[in-house]
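A.B. asks: Sharing entry14.cif, mmCIF, C-alpha atoms:
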data_run
loop_
_atom_site.label_atom_id
_atom_site.label_comp_id
_atom_site.auth_asym_id
_atom_site.auth_seq_id
_atom_site.Cartn_x
_atom_site.Cartn_y
_atom_site.Cartn_z
CA ARG A 1 95.64 121.45 71.06
CA PHE A 2 98.05 122.20 68.22
CA LEU A 3 98.71 121.27 64.60
CA PRO A 4 101.81 119.44 63.29
CA ASP A 5 103.47 122.83 62.62
CA GLY A 6 103.07 123.74 66.31
CA LYS A 7 100.26 126.28 65.97
CA TYR A 8 97.58 126.35 68.67
CA VAL A 9 94.01 125.51 67.67
CA PHE A 10 92.66 125.50 71.23
CA VAL A 11 93.72 126.56 74.75
CA ASN A 12 91.60 126.32 77.91
CA ASP A 13 91.11 129.01 80.58
CA VAL A 14 93.72 127.56 82.95
CA TYR A 15 96.33 127.64 80.17
CA CYS A 16 95.46 131.26 79.42
CA LYS A 17 95.77 132.27 83.09
CA LEU A 18 99.09 130.44 83.44
CA PHE A 19 100.67 132.30 80.53
CA GLY A 20 98.77 135.56 81.01
CA LYS A 21 97.26 135.74 77.52
CA PRO A 22 93.70 135.44 76.25
CA ALA A 23 92.82 132.59 73.92
CA ASP A 24 92.51 134.86 70.86
CA GLN A 25 96.15 135.92 71.32
CA LEU A 26 97.37 132.32 71.52
CA VAL A 27 95.32 130.45 68.92
CA GLY A 28 97.18 130.55 65.63
CA LEU A 29 100.56 131.12 67.28
CA SER A 30 103.30 128.56 68.03
CA TRP A 31 103.87 127.08 71.50
CA HIS A 32 107.63 127.69 71.16
CA PRO A 33 107.74 131.08 72.94
CA GLU A 34 106.40 129.56 76.14
CA ALA A 35 108.93 126.69 76.28
CA HIS A 36 112.49 127.13 77.55
CA PRO A 37 114.74 127.51 74.45
CA HIS A 38 117.10 124.77 75.60
CA ASP A 39 114.19 122.30 75.86
CA ILE A 40 112.63 122.90 72.43
CA PRO A 41 114.89 120.44 70.49
CA MET A 42 114.12 117.72 73.05
CA ILE A 43 110.38 118.45 72.89
CA GLU A 44 110.33 118.33 69.09
CA THR A 45 112.29 115.08 69.08
CA LYS A 46 109.87 113.51 71.55
CA LEU A 47 106.82 114.69 69.60
CA ARG A 48 108.22 113.06 66.46
CA GLU A 49 108.11 109.73 68.33
CA MET A 50 104.31 109.76 68.16
CA THR A 51 102.92 107.26 65.65
CA PRO A 52 99.53 105.62 65.09
CA GLY A 53 100.88 102.67 67.08
CA ASN A 54 102.38 104.92 69.77
CA PRO A 55 100.07 107.93 69.93
CA VAL A 56 100.86 109.09 73.51
CA VAL A 57 104.15 110.75 74.53
CA THR A 58 104.84 112.26 77.96
CA ILE A 59 107.31 115.15 78.12
CA GLU A 60 108.72 117.07 81.08
CA ASN A 61 110.10 120.50 80.21
CA ARG A 62 110.51 124.03 81.49
CA VAL A 63 108.24 126.94 80.57
CA TYR A 64 108.09 130.66 81.32
CA ILE A 65 104.75 131.69 82.79
CA ALA A 66 103.05 135.11 82.80
CA ASN A 67 105.21 136.69 85.52
CA GLY A 68 108.45 135.52 83.85
CA GLU A 69 109.00 132.74 86.37
CA MET A 70 110.34 129.45 85.06
CA ARG A 71 108.25 126.41 85.97
CA TRP A 72 108.54 122.69 85.29
CA MET A 73 105.57 121.12 83.48
CA GLN A 74 104.65 117.59 82.53
CA PHE A 75 102.64 117.34 79.34
CA VAL A 76 100.85 114.19 78.19
CA ASN A 77 100.61 114.54 74.42
CA ARG A 78 98.21 112.47 72.34
CA GLY A 79 98.40 112.48 68.56
CA PHE A 80 95.35 112.07 66.34
CA PHE A 81 96.05 110.49 62.95
CA ASP A 82 93.95 110.08 59.80
CA ALA A 83 93.27 106.80 58.03
CA ALA A 84 96.57 107.10 56.16
CA GLY A 85 98.52 107.46 59.41
CA ILE A 86 99.19 111.20 58.94
CA LEU A 87 99.27 113.29 62.12
CA MET A 88 96.40 115.76 62.09
CA GLU A 89 96.47 117.27 65.57
CA THR A 90 97.99 116.84 69.01
CA GLN A 91 96.15 117.27 72.30
CA SER A 92 98.39 118.17 75.24
CA VAL A 93 97.34 118.06 78.89
CA GLY A 94 99.84 119.53 81.34
CA ARG A 95 100.40 119.86 85.06
CA ASP A 96 102.87 121.87 87.12
CA ILE A 97 105.55 119.57 88.58
CA THR A 98 107.95 122.28 89.78
CA GLN A 99 107.78 121.21 93.42
CA LEU A 100 108.37 117.58 92.47
CA LYS A 101 111.38 118.53 90.33
CA GLN A 102 112.83 120.64 93.12
CA SER A 103 112.50 117.67 95.48
CA GLU A 104 114.18 115.40 92.92
CA ILE A 105 117.06 117.86 92.49
CA SER A 106 117.47 118.16 96.27
CA LEU A 107 117.54 114.37 96.64
CA LEU A 108 120.10 114.06 93.85
CA GLU A 109 122.33 116.68 95.47
CA LYS A 110 122.13 114.87 98.82
CA GLU A 111 122.88 111.54 97.14
CA GLU A 112 125.91 113.04 95.35
CA THR A 113 127.18 114.52 98.63
CA LEU A 114 126.79 111.15 100.37
CA GLN A 115 128.59 109.36 97.54
CA ARG A 116 131.49 111.84 97.64
CA ALA A 117 131.75 111.45 101.42
CA GLN A 118 131.76 107.65 101.10
CA SER A 119 134.43 107.84 98.41
CA VAL A 120 136.67 110.07 100.54
CA GLY A 121 136.33 107.80 103.57
CA ARG A 122 136.38 104.61 101.50
CA ILE A 123 133.18 103.60 103.25
CA GLY A 124 130.41 101.93 101.28
CA SER A 125 126.88 101.12 102.37
CA PHE A 126 124.29 98.47 101.67
CA ALA A 127 120.66 97.75 102.48
CA MET A 128 118.29 94.83 102.15
CA THR A 129 114.73 93.83 102.91
CA ASN A 130 113.49 90.38 103.87
CA ASP A 131 115.02 89.07 100.63
CA THR A 132 118.36 88.02 102.10
CA GLU A 133 119.80 86.98 98.73
CA THR A 134 119.59 90.40 97.10
CA PHE A 135 120.59 93.82 98.41
CA ARG A 136 121.17 97.39 97.29
CA ILE A 137 124.68 98.83 97.38
CA SER A 138 126.19 102.28 97.02
CA GLN A 139 128.69 103.23 94.32
CA GLU A 140 131.57 103.03 96.81
CA THR A 141 130.56 99.50 97.82
CA ALA A 142 130.49 98.51 94.16
CA ARG A 143 133.95 100.03 93.68
CA LEU A 144 135.43 98.32 96.75
CA PHE A 145 134.09 94.89 95.81
CA GLY A 146 134.60 95.20 92.06
CA LEU A 147 130.85 94.89 91.37
CA ASP A 148 128.89 96.60 88.61
CA GLU A 149 127.28 99.93 89.47
CA SER A 150 123.70 98.86 88.87
CA GLY A 151 123.08 99.37 92.60
CA ILE A 152 121.92 95.79 93.08
CA THR A 153 123.97 92.72 93.92
CA THR A 154 123.41 89.23 95.29
CA PHE A 155 124.79 87.37 98.27
CA VAL A 156 126.59 84.99 95.88
CA GLU A 157 128.33 87.85 94.01
CA TRP A 158 129.39 89.55 97.24
CA PHE A 159 130.52 86.33 98.94
CA SER A 160 132.64 85.32 95.92
CA ARG A 161 134.92 88.30 96.70
CA VAL A 162 135.62 87.14 100.26
CA HIS A 163 139.09 85.64 100.76
CA PRO A 164 138.84 81.82 100.82
CA ASP A 165 140.47 81.67 104.27
CA ASP A 166 137.82 84.05 105.67
CA GLN A 167 134.71 82.69 103.98
CA ASN A 168 133.75 80.26 106.72
CA ASN A 169 133.91 82.89 109.49
CA VAL A 170 132.09 85.49 107.39
CA GLU A 171 129.27 83.13 106.48
CA MET A 172 128.85 81.96 110.08
CA ALA A 173 128.77 85.56 111.35
CA TRP A 174 126.16 86.60 108.77
CA ARG A 175 123.95 83.60 109.43
CA ALA A 176 124.19 84.36 113.16
CA ALA A 177 123.23 88.00 112.49
CA LEU A 178 120.09 86.77 110.72
CA GLN A 179 119.23 85.08 114.00
CA GLY A 180 119.71 88.30 115.97
CA ALA A 181 123.44 88.33 116.80
CA PRO A 182 125.45 91.60 116.38
CA TYR A 183 127.31 91.87 113.10
CA ASP A 184 130.77 93.47 113.21
CA MET A 185 133.26 91.63 111.04
CA THR A 186 136.79 92.21 109.80
CA TYR A 187 137.78 90.11 106.81
CA ARG A 188 139.67 90.16 103.54
CA ILE A 189 138.30 90.37 100.02
CA VAL A 190 140.16 89.70 96.79
CA VAL A 191 139.41 92.07 93.90
CA GLN A 192 141.36 91.74 90.64
CA GLY A 193 144.14 89.93 92.45
CA ARG A 194 144.45 92.59 95.16
CA THR A 195 143.71 91.75 98.80
CA ILE A 196 141.70 94.39 100.69
CA TRP A 197 140.87 94.37 104.38
CA ILE A 198 137.24 95.22 105.11
CA ARG A 199 135.41 96.10 108.30
CA ALA A 200 131.69 95.42 107.90
CA LEU A 201 128.96 96.47 110.31
CA ALA A 202 125.23 95.92 109.99
CA GLU A 203 122.05 96.66 111.87
CA LEU A 204 119.25 94.18 111.28
CA GLN A 205 115.61 94.77 112.19
CA PHE A 206 113.10 91.97 112.64
CA ASP A 207 109.32 91.79 112.57
CA SER A 208 107.07 90.47 115.33
CA ASP A 209 107.59 86.90 114.06
CA GLY A 210 111.38 87.22 114.33
CA GLN A 211 111.84 87.40 110.56
CA LEU A 212 114.20 89.91 108.97
CA ALA A 213 112.33 93.10 107.98
CA LYS A 214 115.26 95.15 106.77
CA ALA A 215 118.98 95.66 107.26
CA VAL A 216 121.46 98.45 106.66
CA GLY A 217 125.21 98.35 106.95
CA THR A 218 128.58 99.74 105.98
CA VAL A 219 131.78 98.31 104.54
CA GLN A 220 135.05 100.18 105.04
CA ASP A 221 138.47 99.68 103.49
CA ILE A 222 140.83 99.36 106.49
CA SER A 223 143.83 98.02 104.56
CA ASP A 224 146.03 100.96 105.63
CA LEU A 225 145.23 100.29 109.29
CA LYS A 226 146.03 96.60 108.86
CA HIS A 227 149.38 97.43 107.24
CA ILE A 228 150.23 99.70 110.18
CA GLU A 229 149.30 96.96 112.65
CA SER A 230 151.44 94.49 110.72
CA ASN A 231 154.42 96.86 110.71
CA LEU A 232 154.02 97.46 114.45
CA ARG A 233 154.00 93.72 115.14
CA GLU A 234 157.14 93.26 113.07
CA SER A 235 158.82 96.13 114.93
CA ASP A 236 157.85 94.61 118.30
CA GLU A 237 159.22 91.24 117.23
CA ARG A 238 162.53 92.74 116.10
CA LEU A 239 162.79 94.68 119.38
CA GLU A 240 162.19 91.52 121.43
CA MET A 241 164.81 89.65 119.42
CA ALA A 242 167.31 92.49 119.93
CA LEU A 243 166.65 92.57 123.69
CA GLU A 244 167.09 88.78 123.92
#
What would you get if you wrote out this structure as structure tokens?

C.D. replies:
Amino acid sequence: RFLPDGKYVFVNDVYCKLFGKPADQLVGLSWHPEAHPHDIPMIETKLREMTPGNPVVTIENRVYIANGEMRWMQFVNRGFFDAAGILMETQSVGRDITQLKQSEISLLEKEETLQRAQSVGRIGSFAMTNDTETFRISQETARLFGLDESGITTFVEWFSRVHPDDQNNVEMAWRAALQGAPYDMTYRIVVQGRTIWIRALAELQFDSDGQLAKAVGTVQDISDLKHIESNLRESDERLEMALE
């Protein structure tokens, strides 16, 4: 527990063991030396958010423990106020979340690598559960289809990008996929007046009742390939005309 000026008034045995100091060496001192210097402004800002109406603030920050190792901690801070609403004392209960933070960082790094790979290959991805009207999309999918990067879109938003001449075939293929047919479609979308050729593949999984359980898929910009095919057809046609 500590006063508004940051000075300890109480530390338990676990806290003492973590930082390698007896209670009589900590009580009366400030908690600042234990916290990572870069995190102190954030911690102080968060602590100032405590009010009589909002007395609990949770903070995740780095600390240096007894052996000099840096660890991530999560502290749940509860402020105690007098009748006039003046902060008298804060009680802080912490737990070591270093392993959790390391896992989060690893997941973020993997996600960034995947997003970079999708951007290079112009391949987006999507996923859905049994809610067939809403699905999650990657950043590259959002970029290809001109959708916001919230990571969530609807069937209506996605379908509105499909070229009018292709909408019927696309809808029929998707409805068939929901009944168990393979889904591998090539179609055009129109984004900000530009026509883009897309190849979409999906794998749908169904439960024991034959209802959709989940689906994952990819969408790839194949406009360059389509332009090459078009140029080849034109060249073949000119060659045939010349031979005739």

A.B. asks: Give as a compact mmCIF listing (two decimals) with C-alpha atoms, keeping the file's coordinate frame the set of residues within 12 Å of the point (132.8, 83.7, 109.4), where distances use the file's coordinates and all atoms listed in the file.

C.D. replies:
# COMPACT_ATOMS: atom_id res chain seq x y z
CA PHE A 159 130.52 86.33 98.94
CA VAL A 162 135.62 87.14 100.26
CA HIS A 163 139.09 85.64 100.76
CA PRO A 164 138.84 81.82 100.82
CA ASP A 165 140.47 81.67 104.27
CA ASP A 166 137.82 84.05 105.67
CA GLN A 167 134.71 82.69 103.98
CA ASN A 168 133.75 80.26 106.72
CA ASN A 169 133.91 82.89 109.49
CA VAL A 170 132.09 85.49 107.39
CA GLU A 171 129.27 83.13 106.48
CA MET A 172 128.85 81.96 110.08
CA ALA A 173 128.77 85.56 111.35
CA TRP A 174 126.16 86.60 108.77
CA ARG A 175 123.95 83.60 109.43
CA ALA A 176 124.19 84.36 113.16
CA ALA A 177 123.23 88.00 112.49
CA TYR A 183 127.31 91.87 113.10
CA ASP A 184 130.77 93.47 113.21
CA MET A 185 133.26 91.63 111.04
CA THR A 186 136.79 92.21 109.80
CA TYR A 187 137.78 90.11 106.81
CA ARG A 188 139.67 90.16 103.54
CA ALA A 200 131.69 95.42 107.90

A.B. asks: What would the selection look like, as an NGL selection string, if the PyMOL selection byres ((chain A and resi 87-98) around 10) were run on the coordinates I just shared?

C.D. replies: :A and (1-11 or 15 or 47-48 or 50-52 or 55-63 or 70-86 or 99-104)

A.B. asks: Closest to A:Ile189 among A:Met42, A:Ile222, A:Ala202, A:Val216, using only C-alpha atoms?

C.D. replies: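 Counting only C-alpha atoms, the residue closest to A:Ile189 is A:Ile222.
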
A.B. asks: Evaluate the PyMOL selection byres ((chain A and resi 139) around 8) on the structure here and hand back the selected residues as a list in words.

C.D. replies: Gln115, Gly124, Ile137, Ser138, Glu140, Thr141, Ala142, Arg143, Glu149 and Gly151 of chain A

A.B. asks: Which value, in Å to one decimal, gives the distance between atom CA of A:Gly210 and atom CA of A:Val156?

C.D. replies: 24.0 Å

A.B. asks: Could you list, as a list in words, every residue within 10 Å of stretch 205-209 of chain A, counting only C-alpha atoms and ignoring same-chain residues fewer than 6 positions away?

C.D. replies: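 After dropping sequence-adjacent residues, the list is Thr129, Asn130, Leu178, Gln179, Gly180, Ala215 and Val216 of chain A.
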
A.B. asks: (129.2, 89.0, 96.2) in this file's frame - what residues fall within 10 Å of it? Use only C-alpha atoms and give the answer as a CSV table (one decimal) with C-alpha atoms, keeping the file's coordinate frame.

C.D. replies:
chain,number,residue,atom,x,y,z
A,133,GLU,CA,119.8,87.0,98.7
A,134,THR,CA,119.6,90.4,97.1
A,142,ALA,CA,130.5,98.5,94.2
A,145,PHE,CA,134.1,94.9,95.8
A,146,GLY,CA,134.6,95.2,92.1
A,147,LEU,CA,130.8,94.9,91.4
A,153,THR,CA,124.0,92.7,93.9
A,154,THR,CA,123.4,89.2,95.3
A,155,PHE,CA,124.8,87.4,98.3
A,156,VAL,CA,126.6,85.0,95.9
A,157,GLU,CA,128.3,87.8,94.0
A,158,TRP,CA,129.4,89.6,97.2
A,159,PHE,CA,130.5,86.3,98.9
A,160,SER,CA,132.6,85.3,95.9
A,161,ARG,CA,134.9,88.3,96.7
A,162,VAL,CA,135.6,87.1,100.3
A,189,ILE,CA,138.3,90.4,100.0

A.B. asks: Report, in Å to a single decimal, how far apart atom CA of A:Asn67 and atom CA of A:Lys46 are.

C.D. replies: 27.5 Å

A.B. asks: I'd like to know which of A:Ala181, A:Ile105, A:Ala35, A:Leu144 is closest to A:Leu204, using only C-alpha atoms.

C.D. replies: A:Ala181

A.B. asks: Separation of atom CA of A:Arg136 and atom CA of A:Asp224, in Å?

C.D. replies: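 Distance reported for this atom pair: 26.5 Å.
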
A.B. asks: Can you fill out stretch 136-147 of chain A with all heavy atoms and hand it back as a PDB file, in the frame of the given file?

C.D. replies:
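Just written: part16.pdb:
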ATOM      1  N   ARG A 136     120.756  96.165  97.984  1.00  0.00           N
ATOM      2  CA  ARG A 136     121.170  97.390  97.290  1.00  0.00           C
ATOM      3  C   ARG A 136     122.515  97.841  97.839  1.00  0.00           C
ATOM      4  O   ARG A 136     122.764  97.754  99.042  1.00  0.00           O
ATOM      5  CB  ARG A 136     120.129  98.495  97.464  1.00  0.00           C
ATOM      6  CG  ARG A 136     118.756  98.133  96.938  1.00  0.00           C
ATOM      7  CD  ARG A 136     117.829  99.346  96.934  1.00  0.00           C
ATOM      8  NE  ARG A 136     117.766  99.993  98.242  1.00  0.00           N
ATOM      9  CZ  ARG A 136     116.988  99.576  99.227  1.00  0.00           C
ATOM     10  NH1 ARG A 136     116.221  98.511  99.069  1.00  0.00           N
ATOM     11  NH2 ARG A 136     116.966 100.231 100.367  1.00  0.00           N
ATOM     12  N   ILE A 137     123.355  98.362  96.959  1.00  0.00           N
ATOM     13  CA  ILE A 137     124.680  98.830  97.380  1.00  0.00           C
ATOM     14  C   ILE A 137     124.942 100.210  96.811  1.00  0.00           C
ATOM     15  O   ILE A 137     124.394 100.587  95.779  1.00  0.00           O
ATOM     16  CB  ILE A 137     125.794  97.855  96.937  1.00  0.00           C
ATOM     17  CG1 ILE A 137     125.777  97.683  95.410  1.00  0.00           C
ATOM     18  CG2 ILE A 137     125.654  96.517  97.636  1.00  0.00           C
ATOM     19  CD1 ILE A 137     126.934  96.870  94.864  1.00  0.00           C
ATOM     20  N   SER A 138     125.796 100.957  97.505  1.00  0.00           N
ATOM     21  CA  SER A 138     126.190 102.280  97.020  1.00  0.00           C
ATOM     22  C   SER A 138     127.311 102.133  95.994  1.00  0.00           C
ATOM     23  O   SER A 138     127.898 101.057  95.813  1.00  0.00           O
ATOM     24  CB  SER A 138     126.665 103.144  98.193  1.00  0.00           C
ATOM     25  OG  SER A 138     127.863 102.601  98.740  1.00  0.00           O
ATOM     26  N   GLN A 139     127.627 103.240  95.330  1.00  0.00           N
ATOM     27  CA  GLN A 139     128.690 103.230  94.320  1.00  0.00           C
ATOM     28  C   GLN A 139     130.039 102.856  94.950  1.00  0.00           C
ATOM     29  O   GLN A 139     130.837 102.142  94.335  1.00  0.00           O
ATOM     30  CB  GLN A 139     128.793 104.587  93.634  1.00  0.00           C
ATOM     31  CG  GLN A 139     127.632 104.889  92.708  1.00  0.00           C
ATOM     32  CD  GLN A 139     127.814 106.197  91.960  1.00  0.00           C
ATOM     33  OE1 GLN A 139     128.825 106.884  92.116  1.00  0.00           O
ATOM     34  NE2 GLN A 139     126.837 106.560  91.156  1.00  0.00           N
ATOM     35  N   GLU A 140     130.290 103.326  96.168  1.00  0.00           N
ATOM     36  CA  GLU A 140     131.570 103.030  96.810  1.00  0.00           C
ATOM     37  C   GLU A 140     131.666 101.545  97.164  1.00  0.00           C
ATOM     38  O   GLU A 140     132.742 100.943  97.046  1.00  0.00           O
ATOM     39  CB  GLU A 140     131.742 103.888  98.060  1.00  0.00           C
ATOM     40  CG  GLU A 140     133.089 103.724  98.764  1.00  0.00           C
ATOM     41  CD  GLU A 140     134.280 104.104  97.884  1.00  0.00           C
ATOM     42  OE1 GLU A 140     134.099 104.783  96.851  1.00  0.00           O
ATOM     43  OE2 GLU A 140     135.419 103.721  98.241  1.00  0.00           O
ATOM     44  N   THR A 141     130.564 100.947  97.570  1.00  0.00           N
ATOM     45  CA  THR A 141     130.560  99.500  97.820  1.00  0.00           C
ATOM     46  C   THR A 141     130.869  98.742  96.540  1.00  0.00           C
ATOM     47  O   THR A 141     131.669  97.801  96.537  1.00  0.00           O
ATOM     48  CB  THR A 141     129.199  99.052  98.383  1.00  0.00           C
ATOM     49  OG1 THR A 141     128.926  99.764  99.585  1.00  0.00           O
ATOM     50  CG2 THR A 141     129.204  97.559  98.684  1.00  0.00           C
ATOM     51  N   ALA A 142     130.236  99.161  95.455  1.00  0.00           N
ATOM     52  CA  ALA A 142     130.490  98.510  94.160  1.00  0.00           C
ATOM     53  C   ALA A 142     131.955  98.640  93.782  1.00  0.00           C
ATOM     54  O   ALA A 142     132.574  97.689  93.284  1.00  0.00           O
ATOM     55  CB  ALA A 142     129.596  99.123  93.091  1.00  0.00           C
ATOM     56  N   ARG A 143     132.541  99.822  94.023  1.00  0.00           N
ATOM     57  CA  ARG A 143     133.950 100.030  93.680  1.00  0.00           C
ATOM     58  C   ARG A 143     134.851  99.155  94.548  1.00  0.00           C
ATOM     59  O   ARG A 143     135.779  98.511  94.037  1.00  0.00           O
ATOM     60  CB  ARG A 143     134.329 101.497  93.863  1.00  0.00           C
ATOM     61  CG  ARG A 143     135.724 101.845  93.344  1.00  0.00           C
ATOM     62  CD  ARG A 143     136.179 103.198  93.837  1.00  0.00           C
ATOM     63  NE  ARG A 143     136.396 103.191  95.284  1.00  0.00           N
ATOM     64  CZ  ARG A 143     137.474 102.684  95.862  1.00  0.00           C
ATOM     65  NH1 ARG A 143     138.444 102.129  95.140  1.00  0.00           N
ATOM     66  NH2 ARG A 143     137.597 102.737  97.174  1.00  0.00           N
ATOM     67  N   LEU A 144     134.594  99.108  95.849  1.00  0.00           N
ATOM     68  CA  LEU A 144     135.430  98.320  96.750  1.00  0.00           C
ATOM     69  C   LEU A 144     135.415  96.839  96.396  1.00  0.00           C
ATOM     70  O   LEU A 144     136.455  96.176  96.415  1.00  0.00           O
ATOM     71  CB  LEU A 144     134.946  98.502  98.196  1.00  0.00           C
ATOM     72  CG  LEU A 144     135.308  99.804  98.914  1.00  0.00           C
ATOM     73  CD1 LEU A 144     134.636  99.862 100.275  1.00  0.00           C
ATOM     74  CD2 LEU A 144     136.819  99.927  99.083  1.00  0.00           C
ATOM     75  N   PHE A 145     134.233  96.322  96.051  1.00  0.00           N
ATOM     76  CA  PHE A 145     134.090  94.890  95.810  1.00  0.00           C
ATOM     77  C   PHE A 145     134.207  94.511  94.333  1.00  0.00           C
ATOM     78  O   PHE A 145     134.071  93.343  93.992  1.00  0.00           O
ATOM     79  CB  PHE A 145     132.745  94.403  96.354  1.00  0.00           C
ATOM     80  CG  PHE A 145     132.728  94.209  97.843  1.00  0.00           C
ATOM     81  CD1 PHE A 145     132.691  95.295  98.706  1.00  0.00           C
ATOM     82  CD2 PHE A 145     132.764  92.941  98.402  1.00  0.00           C
ATOM     83  CE1 PHE A 145     132.677  95.131 100.082  1.00  0.00           C
ATOM     84  CE2 PHE A 145     132.761  92.754  99.774  1.00  0.00           C
ATOM     85  CZ  PHE A 145     132.723  93.857 100.622  1.00  0.00           C
ATOM     86  N   GLY A 146     134.465  95.505  93.478  1.00  0.00           N
ATOM     87  CA  GLY A 146     134.600  95.200  92.060  1.00  0.00           C
ATOM     88  C   GLY A 146     133.303  94.718  91.441  1.00  0.00           C
ATOM     89  O   GLY A 146     133.306  93.862  90.549  1.00  0.00           O
ATOM     90  N   LEU A 147     132.163  95.271  91.888  1.00  0.00           N
ATOM     91  CA  LEU A 147     130.850  94.890  91.370  1.00  0.00           C
ATOM     92  C   LEU A 147     130.370  95.953  90.392  1.00  0.00           C
ATOM     93  O   LEU A 147     130.862  97.092  90.393  1.00  0.00           O
ATOM     94  CB  LEU A 147     129.852  94.763  92.523  1.00  0.00           C
ATOM     95  CG  LEU A 147     130.194  93.714  93.587  1.00  0.00           C
ATOM     96  CD1 LEU A 147     129.357  93.941  94.837  1.00  0.00           C
ATOM     97  CD2 LEU A 147     129.977  92.307  93.044  1.00  0.00           C
TER      98      LEU A 147
END
